[in-house]
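A.B. asks: Next comes my_file-v9.txt, compact mmCIF, C-alpha atoms:
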```txt
# COMPACT_ATOMS: atom_id res chain seq x y z
CA MET R 1 -22.22 25.63 -20.13
CA SER R 2 -22.37 27.00 -23.70
CA GLU R 3 -19.15 27.75 -25.57
CA TYR R 4 -18.09 31.31 -24.82
CA ILE R 5 -18.21 33.39 -28.02
CA PHE R 6 -14.88 35.08 -27.16
CA SER R 7 -13.09 31.83 -26.20
CA SER R 8 -11.08 31.64 -29.45
CA GLN R 9 -9.70 35.19 -29.22
CA GLU R 10 -6.01 36.02 -28.82
CA LYS R 11 -5.17 36.25 -25.11
CA GLU R 12 -3.77 39.79 -25.06
CA SER R 13 -6.78 41.17 -26.94
CA GLU R 14 -9.24 39.38 -24.63
CA TYR R 15 -7.40 40.62 -21.54
CA LYS R 16 -7.64 44.18 -22.85
CA ARG R 17 -11.37 43.72 -23.45
CA LEU R 18 -11.93 42.35 -19.93
CA CYS R 19 -10.02 45.29 -18.44
CA LEU R 20 -12.23 47.71 -20.37
CA ILE R 21 -15.31 45.96 -18.96
CA GLN R 22 -14.10 46.34 -15.39
CA ASP R 23 -12.99 49.95 -15.93
CA SER R 24 -16.39 50.80 -17.40
CA PHE R 25 -18.69 48.90 -15.06
CA ASP R 26 -16.96 48.20 -11.74
CA PRO R 27 -18.17 51.47 -10.16
CA LYS R 28 -21.83 50.62 -10.79
CA SER R 29 -21.31 47.00 -9.78
CA LYS R 30 -19.80 48.12 -6.48
CA ASN R 31 -22.84 50.31 -5.82
CA HIS R 32 -25.19 47.38 -6.49
CA LEU R 33 -23.22 45.12 -4.17
CA LYS R 34 -23.25 47.71 -1.39
CA LYS R 35 -27.02 48.11 -1.80
CA ALA R 36 -27.32 44.33 -1.55
CA GLY R 37 -25.83 44.55 1.94
CA LEU R 38 -22.16 43.73 1.36
CA LYS R 39 -20.33 43.88 4.69
CA PRO R 40 -17.38 42.39 6.59
CA GLY R 41 -17.62 38.71 7.42
CA MET R 42 -19.68 37.72 4.39
CA ASP R 43 -19.01 34.70 2.17
CA VAL R 44 -19.15 35.97 -1.43
CA LEU R 45 -19.10 34.21 -4.80
CA GLU R 46 -18.07 36.02 -7.98
CA VAL R 47 -19.19 34.08 -11.09
CA GLY R 48 -17.35 35.25 -14.19
CA LEU R 49 -14.11 36.36 -12.58
CA GLY R 50 -12.73 38.07 -15.68
CA ALA R 51 -9.58 40.06 -14.90
CA GLY R 52 -10.32 39.88 -11.17
CA SER R 53 -10.62 43.52 -10.14
CA LEU R 54 -14.06 43.12 -8.56
CA ALA R 55 -13.03 40.00 -6.62
CA SER R 56 -10.04 41.89 -5.22
CA TRP R 57 -12.29 44.74 -4.08
CA LEU R 58 -14.79 42.29 -2.57
CA ALA R 59 -11.98 40.66 -0.57
CA GLN R 60 -11.10 44.02 0.92
CA GLU R 61 -14.76 44.71 1.79
CA VAL R 62 -15.44 41.39 3.56
CA GLY R 63 -12.09 41.38 5.36
CA GLU R 64 -10.30 38.50 7.01
CA SER R 65 -13.51 37.32 8.72
CA GLY R 66 -15.18 36.78 5.32
CA SER R 67 -14.28 34.96 2.14
CA VAL R 68 -14.43 35.53 -1.62
CA LEU R 69 -14.38 32.80 -4.28
CA GLY R 70 -13.94 33.68 -7.96
CA VAL R 71 -15.12 31.18 -10.59
CA ASP R 72 -14.51 31.30 -14.33
CA LEU R 73 -14.08 28.98 -17.29
CA ASN R 74 -10.62 30.51 -17.78
CA THR R 75 -8.90 32.08 -14.78
CA ASP R 76 -5.69 33.00 -16.63
CA TYR R 77 -6.81 36.64 -16.94
CA ALA R 78 -6.91 37.13 -13.16
CA ILE R 79 -3.23 38.01 -13.01
CA GLN R 80 -2.99 39.50 -9.51
CA VAL R 81 -4.98 37.23 -7.19
CA LYS R 82 -4.84 38.66 -3.69
CA GLY R 83 -7.15 37.97 -0.78
CA TYR R 84 -9.53 35.62 -2.58
CA ASP R 85 -9.68 32.03 -3.84
CA VAL R 86 -9.98 31.02 -7.49
CA LEU R 87 -11.70 27.99 -9.02
CA GLU R 88 -11.60 27.24 -12.73
CA GLY R 89 -14.47 25.41 -14.41
CA ASP R 90 -18.12 25.42 -15.37
CA ILE R 91 -20.29 26.65 -12.49
CA LEU R 92 -22.83 23.94 -13.36
CA ASP R 93 -20.23 21.19 -12.87
CA LEU R 94 -18.26 22.52 -9.91
CA GLU R 95 -18.92 21.22 -6.40
CA LEU R 96 -18.46 24.30 -4.22
CA PRO R 97 -17.42 23.88 -0.57
CA LYS R 98 -19.94 26.24 1.05
CA HIS R 99 -23.05 28.39 0.72
CA PHE R 100 -22.85 32.14 0.22
CA ASP R 101 -24.34 35.30 1.68
CA LEU R 102 -23.90 37.15 -1.62
CA ILE R 103 -23.36 36.08 -5.23
CA HIS R 104 -22.51 38.43 -8.10
CA MET R 105 -22.49 37.80 -11.83
CA ARG R 106 -22.01 40.27 -14.70
CA TYR R 107 -22.41 39.61 -18.43
CA VAL R 108 -22.39 35.82 -18.04
CA LEU R 109 -25.94 34.62 -18.74
CA ILE R 110 -26.20 36.47 -22.09
CA HIS R 111 -23.65 33.95 -23.40
CA ASN R 112 -25.31 30.80 -22.03
CA LYS R 113 -28.10 28.58 -23.33
CA GLU R 114 -28.21 27.10 -19.81
CA ALA R 115 -29.01 30.47 -18.19
CA LYS R 116 -31.95 29.10 -16.22
CA GLU R 117 -29.94 26.15 -14.95
CA ILE R 118 -27.18 28.51 -13.82
CA ILE R 119 -29.67 30.65 -11.89
CA GLN R 120 -31.09 27.51 -10.27
CA LYS R 121 -27.57 26.45 -9.27
CA LEU R 122 -26.86 29.88 -7.79
CA TYR R 123 -30.16 29.75 -5.89
CA SER R 124 -29.07 26.45 -4.33
CA LEU R 125 -25.74 28.02 -3.32
CA LEU R 126 -27.31 30.96 -1.49
CA LYS R 127 -27.82 30.92 2.25
CA PRO R 128 -31.37 31.72 3.46
CA GLU R 129 -31.98 35.43 2.81
CA GLY R 130 -28.80 35.52 0.71
CA LYS R 131 -28.62 38.07 -2.12
CA LEU R 132 -27.99 37.49 -5.83
CA VAL R 133 -26.80 40.47 -7.89
CA ILE R 134 -26.91 39.99 -11.68
CA GLU R 135 -26.08 42.48 -14.44
CA GLU R 136 -26.97 41.57 -18.04
CA PRO R 137 -27.16 43.51 -21.34
CA ASP R 138 -29.91 44.10 -23.88
CA PHE R 139 -28.41 44.73 -27.33
CA THR R 140 -31.78 45.27 -29.01
CA LEU R 141 -31.94 48.73 -27.40
CA ALA R 142 -28.92 50.00 -29.36
CA LYS R 143 -29.58 53.18 -31.35
CA TRP R 144 -27.20 55.32 -33.37
CA ILE R 145 -27.80 59.06 -33.19
CA ASP R 146 -24.86 60.48 -35.14
CA ALA R 147 -22.17 58.76 -37.21
CA ASN R 148 -20.50 59.29 -40.58
CA ASN R 149 -22.24 56.20 -41.99
CA ILE R 150 -25.18 55.73 -39.68
CA ASP R 151 -26.85 53.09 -41.87
CA ALA R 152 -23.73 50.89 -41.72
CA CYS R 153 -23.70 51.19 -37.93
CA ARG R 154 -27.34 50.20 -37.77
CA ARG R 155 -26.66 47.15 -39.93
CA VAL R 156 -23.90 46.07 -37.54
CA ASN R 157 -26.29 46.50 -34.62
CA ALA R 158 -28.74 44.19 -36.40
CA ALA R 159 -25.94 41.69 -37.05
CA ILE R 160 -24.96 41.68 -33.37
CA CYS R 161 -28.50 40.70 -32.39
CA LYS R 162 -28.75 38.14 -35.18
CA MET R 163 -25.46 36.52 -34.13
CA PHE R 164 -26.89 35.82 -30.67
CA GLU R 165 -30.07 34.37 -32.20
CA LEU R 166 -28.05 32.07 -34.50
CA GLU R 167 -26.21 30.86 -31.39
CA HIS R 168 -29.65 30.15 -29.83
CA LEU R 169 -29.12 32.97 -27.37
CA LYS R 170 -31.26 36.03 -26.59
CA PRO R 171 -29.76 39.45 -27.43
CA HIS R 172 -32.42 41.02 -25.19
CA TYR R 173 -31.72 38.72 -22.23
CA GLY R 174 -31.12 41.61 -19.84
CA SER R 175 -34.74 42.69 -20.22
CA ILE R 176 -36.29 39.30 -19.47
CA PHE R 177 -34.13 37.48 -16.91
CA HIS R 178 -36.23 38.87 -14.05
CA LEU R 179 -38.85 36.30 -15.06
CA THR R 180 -36.44 33.43 -14.42
CA LEU R 181 -35.40 34.87 -11.06
CA GLN R 182 -39.02 34.95 -9.99
CA GLU R 183 -39.69 31.49 -11.40
CA VAL R 184 -36.95 29.86 -9.32
CA GLY R 185 -38.24 31.53 -6.16
CA LEU R 186 -36.09 34.65 -5.81
CA GLU R 187 -37.68 37.91 -4.69
CA ILE R 188 -36.51 40.95 -6.65
CA LYS R 189 -35.54 43.71 -4.24
CA GLU R 190 -34.20 46.35 -6.65
CA SER R 191 -33.96 46.92 -10.40
CA LYS R 192 -31.77 49.39 -12.29
CA SER R 193 -31.29 49.91 -16.02
CA TYR R 194 -28.71 51.99 -17.88
CA LEU R 195 -28.64 53.09 -21.51
CA HIS R 196 -24.99 53.36 -22.53
CA LEU R 197 -25.16 56.62 -24.49
CA CYS R 198 -21.56 57.41 -25.47
CA SER R 199 -19.44 59.43 -27.82
CA GLY R 200 -16.76 57.63 -29.77
CA GLY R 201 -13.60 57.00 -27.79
CA GLU R 202 -15.33 56.52 -24.43
CA ASP R 203 -14.82 53.24 -22.56
CA VAL R 204 -18.04 51.53 -23.71
CA ALA R 205 -17.44 52.60 -27.31
CA ARG R 206 -13.86 51.28 -27.17
CA LEU R 207 -15.19 48.04 -25.68
CA MET R 208 -17.66 47.59 -28.52
CA ALA R 209 -14.92 48.31 -31.06
CA LEU R 210 -12.76 45.58 -29.52
CA SER R 211 -15.68 43.15 -29.45
CA THR R 212 -16.52 43.90 -33.08
CA ARG R 213 -12.94 43.25 -34.21
CA ALA R 214 -12.99 39.95 -32.31
CA LEU R 215 -16.36 38.83 -33.68
CA GLU R 216 -16.18 40.34 -37.18
CA ASP R 217 -16.51 36.99 -38.96
CA LYS R 218 -19.54 36.01 -36.88
CA TYR R 219 -21.26 39.31 -37.65
CA ILE R 220 -20.61 39.02 -41.39
CA GLN R 221 -21.86 35.41 -41.39
CA THR R 222 -25.30 36.66 -40.36
CA GLY R 223 -25.66 38.20 -43.82
CA LEU R 224 -26.82 41.50 -42.34
CA CYS R 225 -23.59 43.49 -42.67
CA SER R 226 -20.43 43.64 -44.77
CA CYS R 227 -16.70 44.09 -44.10
CA GLU R 228 -17.13 47.74 -45.05
CA ASP R 229 -19.96 48.12 -42.54
CA ILE R 230 -17.72 46.67 -39.83
CA GLN R 231 -14.99 49.18 -40.59
CA ASP R 232 -17.47 52.08 -40.55
CA TYR R 233 -18.84 50.86 -37.20
CA ILE R 234 -15.36 50.65 -35.64
CA GLN R 235 -14.52 54.12 -36.95
CA ALA R 236 -17.71 55.44 -35.34
CA CYS R 237 -16.73 53.80 -32.04
CA GLU R 238 -13.40 55.66 -32.21
CA ASN R 239 -14.64 59.01 -33.54
CA LYS R 240 -15.36 61.46 -30.69
CA ASP R 241 -17.92 63.26 -32.89
CA SER R 242 -20.15 60.17 -33.18
CA LEU R 243 -22.93 59.47 -30.68
CA GLY R 244 -24.97 56.38 -29.99
CA VAL R 245 -26.64 54.11 -27.46
CA TYR R 246 -24.48 51.01 -27.71
CA TYR R 247 -26.76 48.84 -25.58
CA ALA R 248 -28.43 48.79 -22.15
CA THR R 249 -27.49 47.03 -18.92
CA ILE R 250 -30.13 45.80 -16.49
CA ALA R 251 -29.04 45.11 -12.91
CA LEU R 252 -31.23 43.20 -10.46
CA ILE R 253 -30.77 42.52 -6.76
CA SER R 254 -32.78 39.50 -5.61
CA GLU R 255 -33.12 37.63 -2.33
CA LYS R 256 -33.58 33.98 -1.49
CA LYS R 257 -36.72 33.45 0.51
CA ASP R 258 -37.50 30.30 2.47
CA LEU R 259 -40.32 28.78 0.43
CA VAL R 260 -41.54 26.66 3.31
CA ASP R 261 -41.17 28.83 6.41
CA GLU R 262 -42.09 32.26 5.04
CA CYS R 263 -45.27 33.80 6.52
CA LEU R 264 -46.66 30.56 7.95
CA ASP R 265 -49.48 30.76 10.43
CA GLU R 266 -49.31 28.74 13.64
CA PRO R 267 -51.32 25.67 12.48
CA ARG R 268 -49.10 25.29 9.42
CA LYS R 269 -45.95 25.74 11.50
CA ARG R 270 -47.11 22.96 13.83
CA ALA R 271 -47.94 20.76 10.85
CA LEU R 272 -44.45 21.16 9.45
CA GLU R 273 -42.96 20.23 12.81
CA GLU R 274 -45.02 17.04 13.09
CA PHE R 275 -44.43 15.29 9.78
CA PRO R 276 -41.89 12.39 9.67
CA LEU R 277 -38.23 13.38 9.80
CA ASP R 278 -36.68 10.30 8.12
CA ASP R 279 -35.94 10.51 4.40
CA GLY R 280 -38.54 8.65 2.36
CA ILE R 281 -41.89 8.77 0.60
CA TYR R 282 -45.04 9.00 2.71
CA LYS R 283 -48.76 8.98 2.06
CA ALA R 284 -50.48 12.08 3.48
CA GLU R 285 -53.26 10.71 5.70
CA LYS R 286 -53.40 13.00 8.74
CA ASP R 287 -54.61 16.58 8.49
CA GLU R 288 -51.20 17.73 9.72
CA GLU R 289 -49.46 15.92 6.87
CA ILE R 290 -51.84 17.37 4.28
CA LEU R 291 -51.41 20.88 5.64
CA ALA R 292 -47.62 20.49 5.60
CA CYS R 293 -47.85 19.95 1.82
CA PHE R 294 -49.62 23.27 1.23
CA ASP R 295 -46.64 25.52 0.49
CA LEU R 296 -45.15 23.19 -2.09
CA MET R 297 -48.53 22.51 -3.71
CA LYS R 298 -49.07 26.27 -4.00
CA LEU R 299 -46.07 26.47 -6.33
CA LEU R 300 -48.17 24.42 -8.75
CA ARG R 301 -51.69 25.60 -7.91
CA LYS R 302 -51.34 29.36 -7.48
CA ASP R 303 -54.94 30.00 -6.36
CA LEU R 304 -54.87 27.69 -3.35
CA ARG R 305 -55.94 29.06 0.05
CA ALA R 306 -54.44 27.54 3.18
CA GLU R 307 -57.71 27.61 5.13
CA ALA R 308 -59.49 25.48 2.49
CA PHE R 309 -56.64 23.18 1.51
CA VAL R 310 -57.21 20.30 3.91
CA SER R 311 -60.96 20.14 3.28
CA GLU R 312 -60.41 20.18 -0.49
CA ILE R 313 -57.88 17.33 -0.33
CA ARG R 314 -60.21 15.41 2.01
CA ALA R 315 -63.03 15.77 -0.53
CA GLN R 316 -60.76 14.41 -3.28
CA ILE R 317 -59.60 11.51 -1.08
CA LYS R 318 -63.25 10.41 -0.79
CA GLU R 319 -63.22 10.11 -4.58
CA GLY R 320 -60.08 7.96 -4.68
CA TYR R 321 -57.33 10.62 -4.66
CA GLU R 322 -54.08 9.86 -2.79
CA LEU R 323 -51.35 12.38 -1.93
CA TYR R 324 -47.71 11.34 -1.51
CA TYR R 325 -44.75 13.44 -0.43
CA LEU R 326 -40.99 12.93 -0.42
CA ILE R 327 -38.90 13.91 2.62
CA LYS R 328 -35.20 14.83 2.27
CA ASP R 329 -33.26 16.35 5.15
CA SER R 330 -36.47 16.90 7.13
CA GLU R 331 -38.14 18.90 4.34
CA ILE R 332 -40.88 18.11 1.82
CA CYS R 333 -39.03 18.45 -1.47
CA SER R 334 -41.46 16.76 -3.88
CA LEU R 335 -45.09 15.64 -3.90
CA ALA R 336 -47.56 13.93 -6.20
CA GLY R 337 -51.26 13.30 -6.04
CA GLY R 338 -53.42 11.06 -8.20
CA LYS R 339 -55.95 8.28 -8.35
CA VAL R 340 -56.54 4.92 -9.95
CA SER R 341 -59.41 4.94 -12.40
CA ARG R 342 -60.82 3.06 -15.37
CA ASN R 343 -62.23 4.10 -18.73
CA LEU R 344 -62.69 2.74 -22.26
CA ALA R 345 -59.80 4.76 -23.70
CA TRP R 346 -57.08 3.80 -21.24
CA GLY R 347 -58.41 0.82 -19.31
CA LYS R 348 -57.29 0.71 -15.68
CA HIS R 349 -54.78 3.51 -15.17
CA LEU R 350 -53.18 5.85 -12.68
CA TYR R 351 -53.92 9.50 -13.37
CA ILE R 352 -51.44 11.96 -11.80
CA CYS R 353 -53.40 15.09 -10.94
CA ASP R 354 -50.61 17.02 -9.16
CA PHE R 355 -46.85 16.73 -9.42
CA VAL R 356 -44.34 19.33 -8.16
CA SER R 357 -40.85 19.61 -6.67
CA GLN R 358 -39.08 22.40 -4.86
CA ILE R 359 -37.42 24.63 -7.45
CA GLN R 360 -34.00 24.51 -5.83
CA SER R 361 -33.96 20.68 -5.81
CA ARG R 362 -35.17 19.94 -9.35
CA SER R 363 -31.70 18.90 -10.50
CA LEU R 364 -31.23 16.48 -7.59
CA GLY R 365 -33.43 13.63 -8.82
CA HIS R 366 -36.24 14.09 -6.28
CA GLY R 367 -38.96 14.28 -8.92
CA LYS R 368 -37.63 11.12 -10.55
CA GLU R 369 -37.61 9.34 -7.19
CA ILE R 370 -41.27 9.98 -6.43
CA LEU R 371 -42.24 9.23 -10.05
CA GLU R 372 -40.51 5.83 -9.85
CA TYR R 373 -42.49 5.19 -6.67
CA LEU R 374 -45.74 5.95 -8.53
CA LYS R 375 -44.75 3.65 -11.40
CA GLN R 376 -44.28 0.79 -8.94
CA TYR R 377 -47.56 1.71 -7.21
CA ALA R 378 -49.38 1.57 -10.57
CA LYS R 379 -47.97 -1.90 -11.24
CA GLU R 380 -49.12 -3.14 -7.84
CA LYS R 381 -52.62 -1.82 -8.62
CA GLU R 382 -52.52 -3.67 -11.97
CA CYS R 383 -52.79 -0.47 -13.98
CA VAL R 384 -51.84 -0.68 -17.65
CA SER R 385 -50.71 2.95 -17.99
CA ILE R 386 -50.06 6.26 -16.24
CA HIS R 387 -51.45 9.56 -17.52
CA LEU R 388 -51.05 13.23 -16.67
CA ASP R 389 -51.59 16.70 -18.13
CA SER R 390 -48.96 19.43 -18.22
CA GLY R 391 -49.50 23.10 -19.08
CA VAL R 392 -48.34 24.07 -22.57
CA GLN R 393 -45.95 26.65 -21.07
CA ARG R 394 -44.13 24.22 -18.75
CA PHE R 395 -41.28 23.32 -21.12
CA GLU R 396 -38.91 22.06 -18.42
CA ALA R 397 -41.60 19.72 -17.11
CA HIS R 398 -42.21 18.42 -20.63
CA LYS R 399 -38.51 17.58 -21.04
CA PHE R 400 -38.55 15.78 -17.69
CA TYR R 401 -41.57 13.64 -18.60
CA LEU R 402 -40.11 12.76 -22.00
CA ARG R 403 -36.83 11.70 -20.34
CA GLU R 404 -38.85 9.48 -18.00
CA GLY R 405 -40.46 7.61 -20.90
CA PHE R 406 -43.77 9.46 -21.22
CA LYS R 407 -45.21 10.18 -24.67
CA ILE R 408 -47.19 13.17 -25.88
CA ALA R 409 -50.31 11.18 -26.67
CA SER R 410 -53.08 13.74 -27.16
CA HIS R 411 -54.27 17.33 -26.86
CA HIS R 412 -56.30 18.31 -23.82
CA PHE R 413 -59.28 20.59 -24.39
CA SER R 414 -61.20 22.41 -21.66
CA TYR R 415 -64.44 24.35 -21.55
CA LYS R 416 -65.41 26.62 -18.70
CA ILE R 417 -69.02 26.39 -17.55
CA GLU R 418 -70.44 29.71 -16.44
CA ILE R 419 -72.52 29.36 -13.27
```
Would you mind writing the structure in this file as structure tokens?

C.D. replies:
Amino acid sequence: MSEYIFSSQEKESEYKRLCLIQDSFDPKSKNHLKKAGLKPGMDVLEVGLGAGSLASWLAQEVGESGSVLGVDLNTDYAIQVKGYDVLEGDILDLELPKHFDLIHMRYVLIHNKEAKEIIQKLYSLLKPEGKLVIEEPDFTLAKWIDANNIDACRRVNAAICKMFELEHLKPHYGSIFHLTLQEVGLEIKESKSYLHLCSGGEDVARLMALSTRALEDKYIQTGLCSCEDIQDYIQACENKDSLGVYYATIALISEKKDLVDECLDEPRKRALEEFPLDDGIYKAEKDEEILACFDLMKLLRKDLRAEAFVSEIRAQIKEGYELYYLIKDSEICSLAGGKVSRNLAWGKHLYICDFVSQIQSRSLGHGKEILEYLKQYAKEKECVSIHLDSGVQRFEAHKFYLREGFKIASHHFSYKIEI
């Protein structure tokens, strides 16, 4: 996980800031959690425990039949821990003992370069149909309406955004993280956004004043504001006659859907029941095996239709295509399709036409396992190389292929023929 920008702050000042956050935002967070279905008996995970007020409330809501676990890089600020468990560490590194009905996170991803990896980890920790509630800010929506030195305040707003960019973070993350939720397979059930329009002296204004004092050096280092600008900004945050939108918060409730079982028709259900149950890599030869691969293949090929899938794969098999799938815990978690061919440019080679893994298992080495199988297969077929294409937008896939020894060897051009 990225270094927290407030990690070097004096403990008493940081505790005061965390208390202001919970005083300002707990009421809305509680509403979101209730809308997400919070009820007695649930197992709940709070990521970014802070001062612990929300975890304490969650423990009361789920009762003795439920459980609450609070996770944070530094749990020292949760002074009164009552009714819930605490675990200190990076959520990406921790091995948690269970899966959860509900996970909540507030103002965590904005500080992390590994935001997508964190969401993927949380997805893997959710039970089927579990809910994920995330609240994140967008600082680019800040707008000063009235202040003694409004230009200075605007310069500090610009410096806040620039500081995040210099840290390789996104100051507007709250407005775009819905894309990552959808990418990992979560279904967004509800979206709310709030512009924090406040007079000086209100909780959010006091919070921003505290944050600005803590991060003054970082703001000045951007070159967009001065020490005098910082002082004018803090004065505006404290002056009840000033007025401004300090930033916006976007809250999303999303649900984990079963990527394999959702909305299957009877033939596909039967196909899933009939494929081999032992862990391993299999070649799809029967129609039932091919059909069982449909849902995972559709993650890669969005326009696929179930009724035409088997016949299309059969047509490709006649031309040398072979489809392989990896079973783990009785589920297809990765698949790859390709064919051995020969040309003047590459000689005899294996071309991988399709390669995809379940989103929630991409950090578990399943893709690597089936790729190693294909490398050995290519050797047995006396191929001299393996080739594939990957969409220009698939950055995570590119990093995976580069880690596995592939080189970016050429550009791929395409031309659509109008019929």

A.B. asks: The residues within 12 Å of (-33.0, 46.0, -11.8), using all atoms listed in the file and the coordinates of the file, should be reported as a PyMOL selection string; which are they?

C.D. replies: chain R and resi 29+32+35-36+132-137+174-179+181+187-194+248-254

A.B. asks: Quick one: of R:Asp101, R:Glu380, R:Glu114, R:Glu14, who's nearest to Lys39 in chain R, counting all atoms listed in the file?

C.D. replies: R:Asp101

A.B. asks: Excluding range 303-316 of chain R and its own-chain neighbours fewer than 5 positions away, which residues fall within 10 Å of it when counting only C-alpha atoms? Please give them as a list in words.

C.D. replies: Leu264, Asp265, Pro267, Arg268, Ala284, Glu285, Lys286, Asp287, Glu288, Glu289, Ile290, Leu291, Ala292, Cys293, Phe294, Asp295, Met297, Lys298, Tyr321, Glu322, Leu323, Gly337, Gly338 and Lys339 of chain R

A.B. asks: For range 205-210 of chain R, what centre and edge lengths in Å (one decimal) does the axis-aligned box get once 3 Å is added on each side of all its listed atoms, as AutoDock Vina command-line options?

C.D. replies:
```
--center_x -15.2 --center_y 49.1 --center_z -28.4 --size_x 10.9 --size_y 13.0 --size_z 11.4
```

A.B. asks: Give me, please, the distance in Å between CA of Lys16 in chain R and CA of Cys237 in chain R, quoted to one decimal.

C.D. replies: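 Between CA of Lys16 in chain R and CA of Cys237 in chain R the gap is 16.1 Å.
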
A.B. asks: Using all atoms listed in the file, which protein or nucleic acid residues come within 12 Å of Ala158 in chain R? Drop anything in the same chain fewer than 3 positions from it, and give the result as an NGL selection string.

C.D. replies: :R and (139-144 or 151-155 or 161-165 or 171 or 219-220 or 222-226 or 229-230 or 233 or 246-247)
